[in-house]
Every structure is written in C-alpha cells, then in structure tokens.
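For reference, data-v4.cif (mmCIF, C-alpha atoms (C1' of nucleotides)):
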data_target
#
loop_
_atom_site.group_PDB
_atom_site.id
_atom_site.type_symbol
_atom_site.label_atom_id
_atom_site.label_comp_id
_atom_site.auth_asym_id
_atom_site.auth_seq_id
_atom_site.Cartn_x
_atom_site.Cartn_y
_atom_site.Cartn_z
ATOM 1 C CA MET A 129 0.000 0.000 0.000
ATOM 2 C CA ASN A 130 1.823 3.052 -1.153
ATOM 3 C CA ILE A 131 0.291 6.320 -0.194
ATOM 4 C CA TYR A 132 0.791 9.713 -1.721
ATOM 5 C CA VAL A 133 1.117 12.520 0.781
ATOM 6 C CA ALA A 134 0.986 16.100 -0.380
ATOM 7 C CA ASN A 135 0.864 19.546 1.137
ATOM 8 C CA ILE A 136 3.696 18.717 3.475
ATOM 9 C CA PRO A 137 5.271 21.724 5.144
ATOM 10 C CA PHE A 138 8.922 22.301 4.381
ATOM 11 C CA THR A 139 9.761 22.200 8.024
ATOM 12 C CA SER A 140 8.719 18.583 8.165
ATOM 13 C CA SER A 141 10.706 15.471 7.401
ATOM 14 C CA VAL A 142 10.271 11.787 6.807
ATOM 15 C CA ALA A 143 10.309 10.824 10.466
ATOM 16 C CA ASP A 144 7.288 13.009 11.060
ATOM 17 C CA LEU A 145 5.361 11.326 8.293
ATOM 18 C CA LYS A 146 6.438 7.925 9.469
ATOM 19 C CA GLU A 147 5.357 8.665 12.972
ATOM 20 C CA ARG A 148 2.123 10.122 11.754
ATOM 21 C CA PHE A 149 1.278 7.058 9.732
ATOM 22 C CA GLU A 150 2.455 4.597 12.329
ATOM 23 C CA GLN A 151 -0.481 5.698 14.408
ATOM 24 C CA PHE A 152 -2.650 3.653 12.091
ATOM 25 C CA GLY A 153 -0.405 0.788 11.119
ATOM 26 C CA THR A 154 3.026 -0.434 10.219
ATOM 27 C CA VAL A 155 4.955 1.847 7.927
ATOM 28 C CA THR A 156 7.129 -0.096 5.550
ATOM 29 C CA SER A 157 8.929 2.906 4.117
ATOM 30 C CA ALA A 158 8.349 6.609 4.133
ATOM 31 C CA LYS A 159 9.997 9.162 1.940
ATOM 32 C CA ILE A 160 9.651 12.779 1.055
ATOM 33 C CA VAL A 161 10.455 13.667 -2.500
ATOM 34 C CA ILE A 162 13.451 15.931 -2.577
ATOM 35 C CA ASP A 163 14.077 17.735 -5.790
ATOM 36 C CA LYS A 164 17.217 16.425 -7.374
ATOM 37 C CA LEU A 165 18.181 19.773 -8.788
ATOM 38 C CA THR A 166 17.490 22.144 -5.976
ATOM 39 C CA ASN A 167 17.939 19.633 -3.127
ATOM 40 C CA ARG A 168 14.808 21.023 -1.615
ATOM 41 C CA SER A 169 11.628 19.367 -0.533
ATOM 42 C CA ARG A 170 8.812 19.598 -3.020
ATOM 43 C CA GLY A 171 6.227 19.405 -0.306
ATOM 44 C CA PHE A 172 4.986 15.923 -1.026
ATOM 45 C CA GLY A 173 6.112 12.427 -0.363
ATOM 46 C CA PHE A 174 5.226 8.776 -0.334
ATOM 47 C CA VAL A 175 4.488 6.446 2.519
ATOM 48 C CA GLU A 176 4.343 2.720 2.063
ATOM 49 C CA MET A 177 2.405 0.745 4.618
ATOM 50 C CA ALA A 178 2.195 -2.953 5.244
ATOM 51 C CA ASP A 179 -1.532 -3.388 5.670
ATOM 52 C CA ASN A 180 -3.959 -2.139 3.079
ATOM 53 C CA SER A 181 -6.650 -1.669 5.668
ATOM 54 C CA ALA A 182 -4.303 0.387 7.794
ATOM 55 C CA GLY A 183 -3.446 2.380 4.718
ATOM 56 C CA ARG A 184 -7.084 3.116 4.080
ATOM 57 C CA GLU A 185 -7.515 4.080 7.694
ATOM 58 C CA ALA A 186 -4.532 6.363 7.508
ATOM 59 C CA ILE A 187 -5.820 7.959 4.319
ATOM 60 C CA ASN A 188 -9.292 8.471 5.684
ATOM 61 C CA ASN A 189 -7.937 9.896 8.898
ATOM 62 C CA LEU A 190 -4.975 11.921 7.773
ATOM 63 C CA ASN A 191 -6.447 13.333 4.582
ATOM 64 C CA GLY A 192 -7.558 16.861 5.200
ATOM 65 C CA SER A 193 -6.312 16.738 8.749
ATOM 66 C CA ASP A 194 -4.211 19.360 10.403
ATOM 67 C CA PHE A 195 -0.518 18.961 9.824
ATOM 68 C CA GLU A 196 1.750 21.673 11.106
ATOM 69 C CA GLY A 197 -1.046 24.136 10.612
ATOM 70 C CA LYS A 198 -1.775 23.094 7.052
ATOM 71 C CA SER A 199 -4.359 20.683 5.757
ATOM 72 C CA LEU A 200 -2.604 17.514 4.784
ATOM 73 C CA VAL A 201 -3.467 15.798 1.548
ATOM 74 C CA VAL A 202 -3.290 12.033 1.588
ATOM 75 C CA ASN A 203 -4.256 9.868 -1.325
ATOM 76 C CA GLU A 204 -3.401 6.544 -2.810
ATOM 77 C CA ALA A 205 -0.323 6.690 -4.946
ATOM 78 C CA ARG A 206 -0.460 5.550 -8.515
ATOM 79 C CA PRO A 207 1.990 2.865 -9.517
ATOM 80 C CA LYS A 208 5.300 4.322 -10.529
ATOM 81 C CA THR A 209 6.581 1.487 -12.623
ATOM 82 C CA ASP A 210 3.931 -1.137 -12.846
ATOM 83 C CA THR A 211 1.720 -2.649 -15.488
ATOM 84 C CA GLN A 212 0.082 0.489 -16.695
ATOM 85 C CA THR A 213 -2.066 -1.522 -18.967
ATOM 86 C CA GLY A 214 -4.850 0.514 -20.379
ATOM 87 C CA GLY A 215 -2.904 3.686 -20.243
ATOM 88 C CA TYR A 216 -4.105 6.434 -18.035
ATOM 89 C CA GLY A 217 -2.217 8.673 -20.373
ATOM 90 C CA ASN A 218 -1.060 11.870 -18.860
ATOM 91 C CA GLY A 219 -3.318 11.356 -15.920
ATOM 92 C CA SER A 220 -3.256 14.483 -13.920
ATOM 93 C CA ARG A 221 -5.553 14.388 -10.972
ATOM 94 C CA GLY A 222 -8.468 12.145 -10.815
ATOM 95 C CA GLY A 223 -7.451 8.965 -12.544
ATOM 96 C CA PHE A 224 -6.601 6.346 -10.019
ATOM 97 C CA ASN A 225 -5.777 2.740 -10.501
ATOM 98 C CA SER A 226 -8.630 0.951 -8.853
ATOM 99 C CA ARG A 227 -6.942 -2.281 -7.945
ATOM 100 C CA TRP A 228 -9.273 -2.973 -5.105
ATOM 101 C "C1'" DG B 129 18.493 30.974 2.255
ATOM 102 C "C1'" DC B 130 14.575 30.353 -2.125
ATOM 103 C "C1'" DT B 131 8.776 27.525 -2.391
ATOM 104 C "C1'" DG B 132 2.897 25.545 -2.616
ATOM 105 C "C1'" DA B 133 2.000 22.467 -7.774
ATOM 106 C "C1'" DG B 134 0.697 18.034 -6.608
ATOM 107 C "C1'" DC B 135 2.903 11.337 -8.304
ATOM 108 C "C1'" DG B 136 8.923 9.466 -6.801
ATOM 109 C "C1'" DT B 137 16.405 9.265 -7.084
#
Written as structure tokens, how would this file's structure read?
Amino acid sequence: MNIYVANIPFTSSVADLKERFEQFGTVTSAKIVIDKLTNRSRGFGFVEMADNSAGREAINNLNGSDFEGKSLVVNEARPKTDTQTGGYGNGSRGGFNSRW
DNA sequence: GCTGAGCGT
C-alpha cells in the first residue's frame, strides 16, 4: 500500500510522516520527495504501509487533517513502474488505478 | 536561504 502525501510543510521530514502514519499501522517505508536539482523538498512524499486496511484508515484519517497548521493531503499513490495496462495517459488528478 | 504544484532518485 503506497500512499501519496501532499501539502507537506517544508519544516517537516520523513520521520514526522512515518510517525504520523504509524499511528494507524506499520509503515514499511516513508519518503519525502526531494528535488534532485534544488535539493529542496517539493512538499509531497510517499508512505508505504504494510496493511492495506491500515493504509485506508490512515488515508481516511490523515487526509484533510491538520498537519503543522496546514491541511494535509493524503491519497493513494499511482503505480510508478507497474503494469500500466490501459494507459491512463497523462493522468493528472483524478485517474486512479482501482486495484481494489 | 529560495517555495505551494501536486505522483517518486
């Protein structure tokens, strides 16, 4: 269960996310996307959890919640390199891979 | 001592 976390404040780090998601389940790996060029946080990251149910719980609970004074955005991440059969094309927001 | 879209070295 990989989860996409956006609207992360720049004063936050991966340990904060990991802690925040460990409230709902076991976090396999958490990472904040740092821009390769500027070496600065882009404000979003990815959290991978062990249980899918815990991931759903974390999404439903942490999405839109208060995080460092800002509303956190938590969604399910789309597969980075997986069988993108069907082609979501240049899926900007909205198109999610419903693998449920 | 940088900045707020949003899907990753």
Box for chain B: with edges along x, y and z, all listed atoms inside and 3 Å added on each side, what are the centre and edge lengths in Å to one decimal, as lines of an AutoDock Vina configuration file?
center_x = 9.6
center_y = 20.1
center_z = -3.0
size_x = 23.8
size_y = 27.7
size_z = 16.6
Restricting the calculation to only C-alpha atoms (C1' of nucleotides): of A:Asp144, A:Gly192, A:Ser181, A:Pro137, which residue gets closest to chain B?
A:Pro137
Restricting the calculation to all atoms listed in the file, which member of A:Val175, A:Phe149, A:Val133, A:Ile162 is positioned closest to Ser199 of chain A?
A:Val133
I need the chain A residues near chain B as a PyMOL selection string; criterion: at most 12 Å, counting all atoms listed in the file.
chain A and resi 130-139+158-175+198+200-209+218-224
Close residues, Arg148 of chain A itself excluded, 12 Å, all atoms listed in the file, min 5 positions apart in chain, as a list in words
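What passes the distance filter is Val133, Ser140, Ser141, Val142, Ala143, Gly153, Thr154, Val155, Ala158, Val175, Met177, Gly183, Ala186, Ile187, Asn189, Leu190, Asn191, Ser193, Asp194, Phe195, Glu196, Leu200 and Val202 of chain A.
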